Amino acid sequence: MTVVSDFKTGAAENEAAPSPYRQFTAAEWGKLRKDTPLPLSEAELEELKGFGERISLDEVSEIYLPLSRLINLYVLETQELYRVTSDFLGRAQAKVPYIIGIAGSVAVGKSTSARIMRTLLARWPNHPKVDLITTDGFLYPNQVLEERDLMGRKGFPESFDARRLIRFLSDVKAGERHVKAPVYSHFSYDILPDEFIDVDQPDILIVEGLNVLQPWKPADGEDPQPFVSDFFDFSIYLDADEASIRRWYIERFLSLRSTSFSDPDAYFHRFARLSDDEAVATADGIWTSINLANLRKNILPTRQRAQAILRKGEDHRIREVQLRKL
C-alpha cells in the first residue's frame, strides 16, 4: 500500500524480544511529521486541554501531528477503496465514516488526546468533518445502576449499555444520517435524558472511552454480538505506570474541590470541604477500589489490541510511541 511507502522510518525496533509493534522514542516519532505545519495555536490548545492537563504545543507537534498525518494517509487509502468499489459495482456507495477508538485508564488524558486529534484531523483538506463522542454517554443512568447494585462499579463494562453502543456504531458505520448519541454530565454524574449528540455522516468519528477495546462477553443464553472495536478502523491506547496515573487522579481530585465540587448542585459537592489529608485518603480509596480495579481487570488487558500505544512518563508527557506492524 502507498501508506507504507509514504511513512517509512529508520527507527530501530526492539530487539530484546519479538513484538507486534514498532517502537519509537518521542524524538524519533516527531521526525515523521516531515514538513507538516502545526495548524493549532496556543490559545486553541488551552481550550482543548482537560482539567489539570499538562500539554504543550511542542508535544502536540512531536506526537499528535505525526499521528494525524499517518491517520490522514489511512483515511485517503480508505476513501480510494470506496471509490474503486463504487466503480466496480457501477454505483456510488454510501458515505461511511472512518472510526477511531481511543482507550485508556481514568485520568490518563484520553479526553484531551481525543479533542486534539479531532482538531488536527479536521484541518486536513480531504476529511474536514470530524465528530467526537465519549462512551460515558452509554453508561446506564444512575437509577438503573442503583437498581442493579452497580454504582460502585461505574465504569466497569457491566455499567454500560453495550447493546445501545453497538447499535449506535452499527448505524454510523452503515452511513445512516442523524444518529443520536446520549450525553453524560460529570457535574451531575449522570446521563442527561434530554440531550444528544447528532452524528450526521462525518468523515471521521472518534470514540473515546475506558473499555472500547474490550471484547463483549454475552451473558448465559444471549447470542454473541459484535465487539465495539469491530467498528474501528484505527485504535489508540493511552498508557502510563499505575503509580503515575494514581498520582494524577489524586491531584485532579484535590483541584476539583475548589472548582466543580464547590457548586452546591454538583454530585460530589460533599467532597468540597475535605481537608488535604481527607481528600487524599478519599481519592486514593476511590482510585484503588474502582479505577485501579477496573484498569487491571478490564482496561489494561486490552492494550495490545490497539494499533498505536502512546506511553506517558511521570511528567504526563508522551515519551514513547508504539505502532502495530502491518
# chains A, B, ... in the order shown; residues from 1 in each chain; ligands from 1
>>> select_by_dssp(residues="segment 72-150 of chain A", states="strand (DSSP E or B)", output="NGL selection string")
:A and (98-104 or 130-134 or 139)
>>> residues_around(residues="His316 of chain A", least_positions_apart="6", cutoff="10 Å", atoms="only C-alpha atoms", output="PyMOL selection string")
chain A and resi 53-55+108-109+240+244-245+248
>>> closest_residue(among="A:Gln201, A:Thr302, A:Ser68, A:Asn291", to="Trp124 of chain A", atoms="only C-alpha atoms")
A:Ser68
>>> residues_around(residues="Gln307 of chain A", least_positions_apart="2", cutoff="10 Å", atoms="only C-alpha atoms", output="ChimeraX atom specification")
/A:20-21,101,233-237,303-305,309,322-326
>>> select_by_dssp(residues="segment 52-252 of chain A", states="alpha helix (DSSP H)", output="PyMOL selection string")
chain A and resi 57-59+65-89+110-122+142-147+162-173+242-252
>>> closest_residue(among="A:Phe138, A:Arg164, A:Leu132, A:Leu65", to="Pro226 of chain A", atoms="only C-alpha atoms")
A:Arg164
>>> closest_residue(among="A:Gly175, A:Asp131, A:Ile299, A:Asp230", to="Val199 of chain A", atoms="only C-alpha atoms")
A:Asp131
>>> atom_distance(atom1="atom CA of Arg177 of chain A", atom2="atom CA of Lys110 of chain A")
26.9 Å
>>> residues_around(residues="Phe231 of chain A", least_positions_apart="4", cutoff="9 Å", atoms="only C-alpha atoms", output="ChimeraX atom specification")
/A:99-101,166,169-170,173,226-227
>>> write_last_selection(atoms="all heavy atoms", output="short mmCIF file (atom, residue, chain, number, x, y, z; two decimals), in the first residue's frame")
data_model
loop_
_atom_site.label_atom_id
_atom_site.label_comp_id
_atom_site.auth_asym_id
_atom_site.auth_seq_id
_atom_site.Cartn_x
_atom_site.Cartn_y
_atom_site.Cartn_z
N ILE A 99 -13.69 5.34 11.62
CA ILE A 99 -13.89 5.41 13.07
C ILE A 99 -12.59 5.10 13.81
O ILE A 99 -11.93 4.09 13.53
CB ILE A 99 -15.01 4.45 13.53
CG1 ILE A 99 -16.32 4.79 12.81
CG2 ILE A 99 -15.20 4.55 15.04
CD1 ILE A 99 -17.52 3.96 13.26
N ILE A 100 -12.25 5.98 14.75
CA ILE A 100 -11.04 5.84 15.57
C ILE A 100 -11.45 5.66 17.02
O ILE A 100 -12.27 6.43 17.54
CB ILE A 100 -10.16 7.11 15.44
CG1 ILE A 100 -9.76 7.34 13.99
CG2 ILE A 100 -8.93 7.00 16.34
CD1 ILE A 100 -9.16 8.71 13.74
N GLY A 101 -10.91 4.65 17.67
CA GLY A 101 -11.17 4.43 19.09
C GLY A 101 -9.98 4.86 19.93
O GLY A 101 -8.82 4.65 19.54
N ILE A 166 -23.40 -0.51 20.55
CA ILE A 166 -23.16 -1.26 19.32
C ILE A 166 -24.17 -0.88 18.24
O ILE A 166 -23.82 -0.75 17.05
CB ILE A 166 -23.15 -2.77 19.61
CG1 ILE A 166 -21.88 -3.14 20.40
CG2 ILE A 166 -23.23 -3.58 18.31
CD1 ILE A 166 -21.87 -4.54 20.93
N LEU A 169 -22.97 2.47 16.82
CA LEU A 169 -21.83 2.34 15.92
C LEU A 169 -22.22 1.64 14.62
O LEU A 169 -21.72 1.99 13.55
CB LEU A 169 -20.71 1.57 16.62
CG LEU A 169 -20.03 2.31 17.78
CD1 LEU A 169 -19.09 1.36 18.52
CD2 LEU A 169 -19.27 3.52 17.27
N SER A 170 -23.10 0.68 14.71
CA SER A 170 -23.57 -0.02 13.52
C SER A 170 -24.29 0.93 12.57
O SER A 170 -24.07 0.91 11.35
CB SER A 170 -24.50 -1.17 13.92
OG SER A 170 -24.97 -1.86 12.78
N LYS A 173 -21.69 3.30 11.04
CA LYS A 173 -20.86 2.63 10.05
C LYS A 173 -21.66 2.26 8.80
O LYS A 173 -21.09 2.09 7.71
CB LYS A 173 -20.25 1.36 10.67
CG LYS A 173 -18.97 0.89 10.00
CD LYS A 173 -17.85 1.93 10.09
CE LYS A 173 -16.53 1.40 9.61
NZ LYS A 173 -15.49 2.43 9.53
N PRO A 226 -21.30 -8.23 17.99
CA PRO A 226 -20.00 -7.66 17.59
C PRO A 226 -19.36 -6.95 18.78
O PRO A 226 -20.03 -6.54 19.72
CB PRO A 226 -20.39 -6.65 16.50
CG PRO A 226 -21.75 -7.02 16.06
CD PRO A 226 -22.42 -7.64 17.25
N PHE A 227 -18.04 -6.83 18.74
CA PHE A 227 -17.32 -6.01 19.72
C PHE A 227 -17.42 -4.55 19.28
O PHE A 227 -17.58 -4.25 18.10
CB PHE A 227 -15.84 -6.39 19.77
CG PHE A 227 -15.57 -7.83 20.07
CD1 PHE A 227 -14.38 -8.41 19.65
CD2 PHE A 227 -16.48 -8.62 20.75
CE1 PHE A 227 -14.10 -9.74 19.92
CE2 PHE A 227 -16.21 -9.96 21.02
CZ PHE A 227 -15.01 -10.52 20.60
#
>>> closest_residue(among="A:Ile191, A:Val179, A:Leu165, A:Val280", to="Gln143 of chain A", atoms="only C-alpha atoms")
A:Ile191
>>> atom_distance(atom1="atom CA of Arg118 of chain A", atom2="atom CA of Val212 of chain A")
17.4 Å
>>> residues_around(residues="segment 23-29 of chain A", least_positions_apart="4", cutoff="6 Å", atoms="only C-alpha atoms", output="PyMOL selection string")
chain A and resi 13+319-322
>>> residues_around(residues="Gly155 of chain A", least_positions_apart="6", cutoff="10 Å", atoms="only C-alpha atoms", output="PyMOL selection string")
chain A and resi 106+135-136+139-140+209-211+290-291+294-295+298
>>> atom_distance(atom1="atom CA of Val96 of chain A", atom2="atom CA of Ile116 of chain A")
22.4 Å
>>> residues_around(residues="Gln93 of chain A", least_positions_apart="6", cutoff="12 Å", atoms="only C-alpha atoms", output="JSON, numbers by chain")
{"A": [79, 80, 81, 82, 83, 84, 85, 86, 87, 174, 175]}
>>> closest_residue(among="A:Pro97, A:Pro202, A:Gly90, A:Pro141", to="Phe232 of chain A", atoms="only C-alpha atoms")
A:Pro97
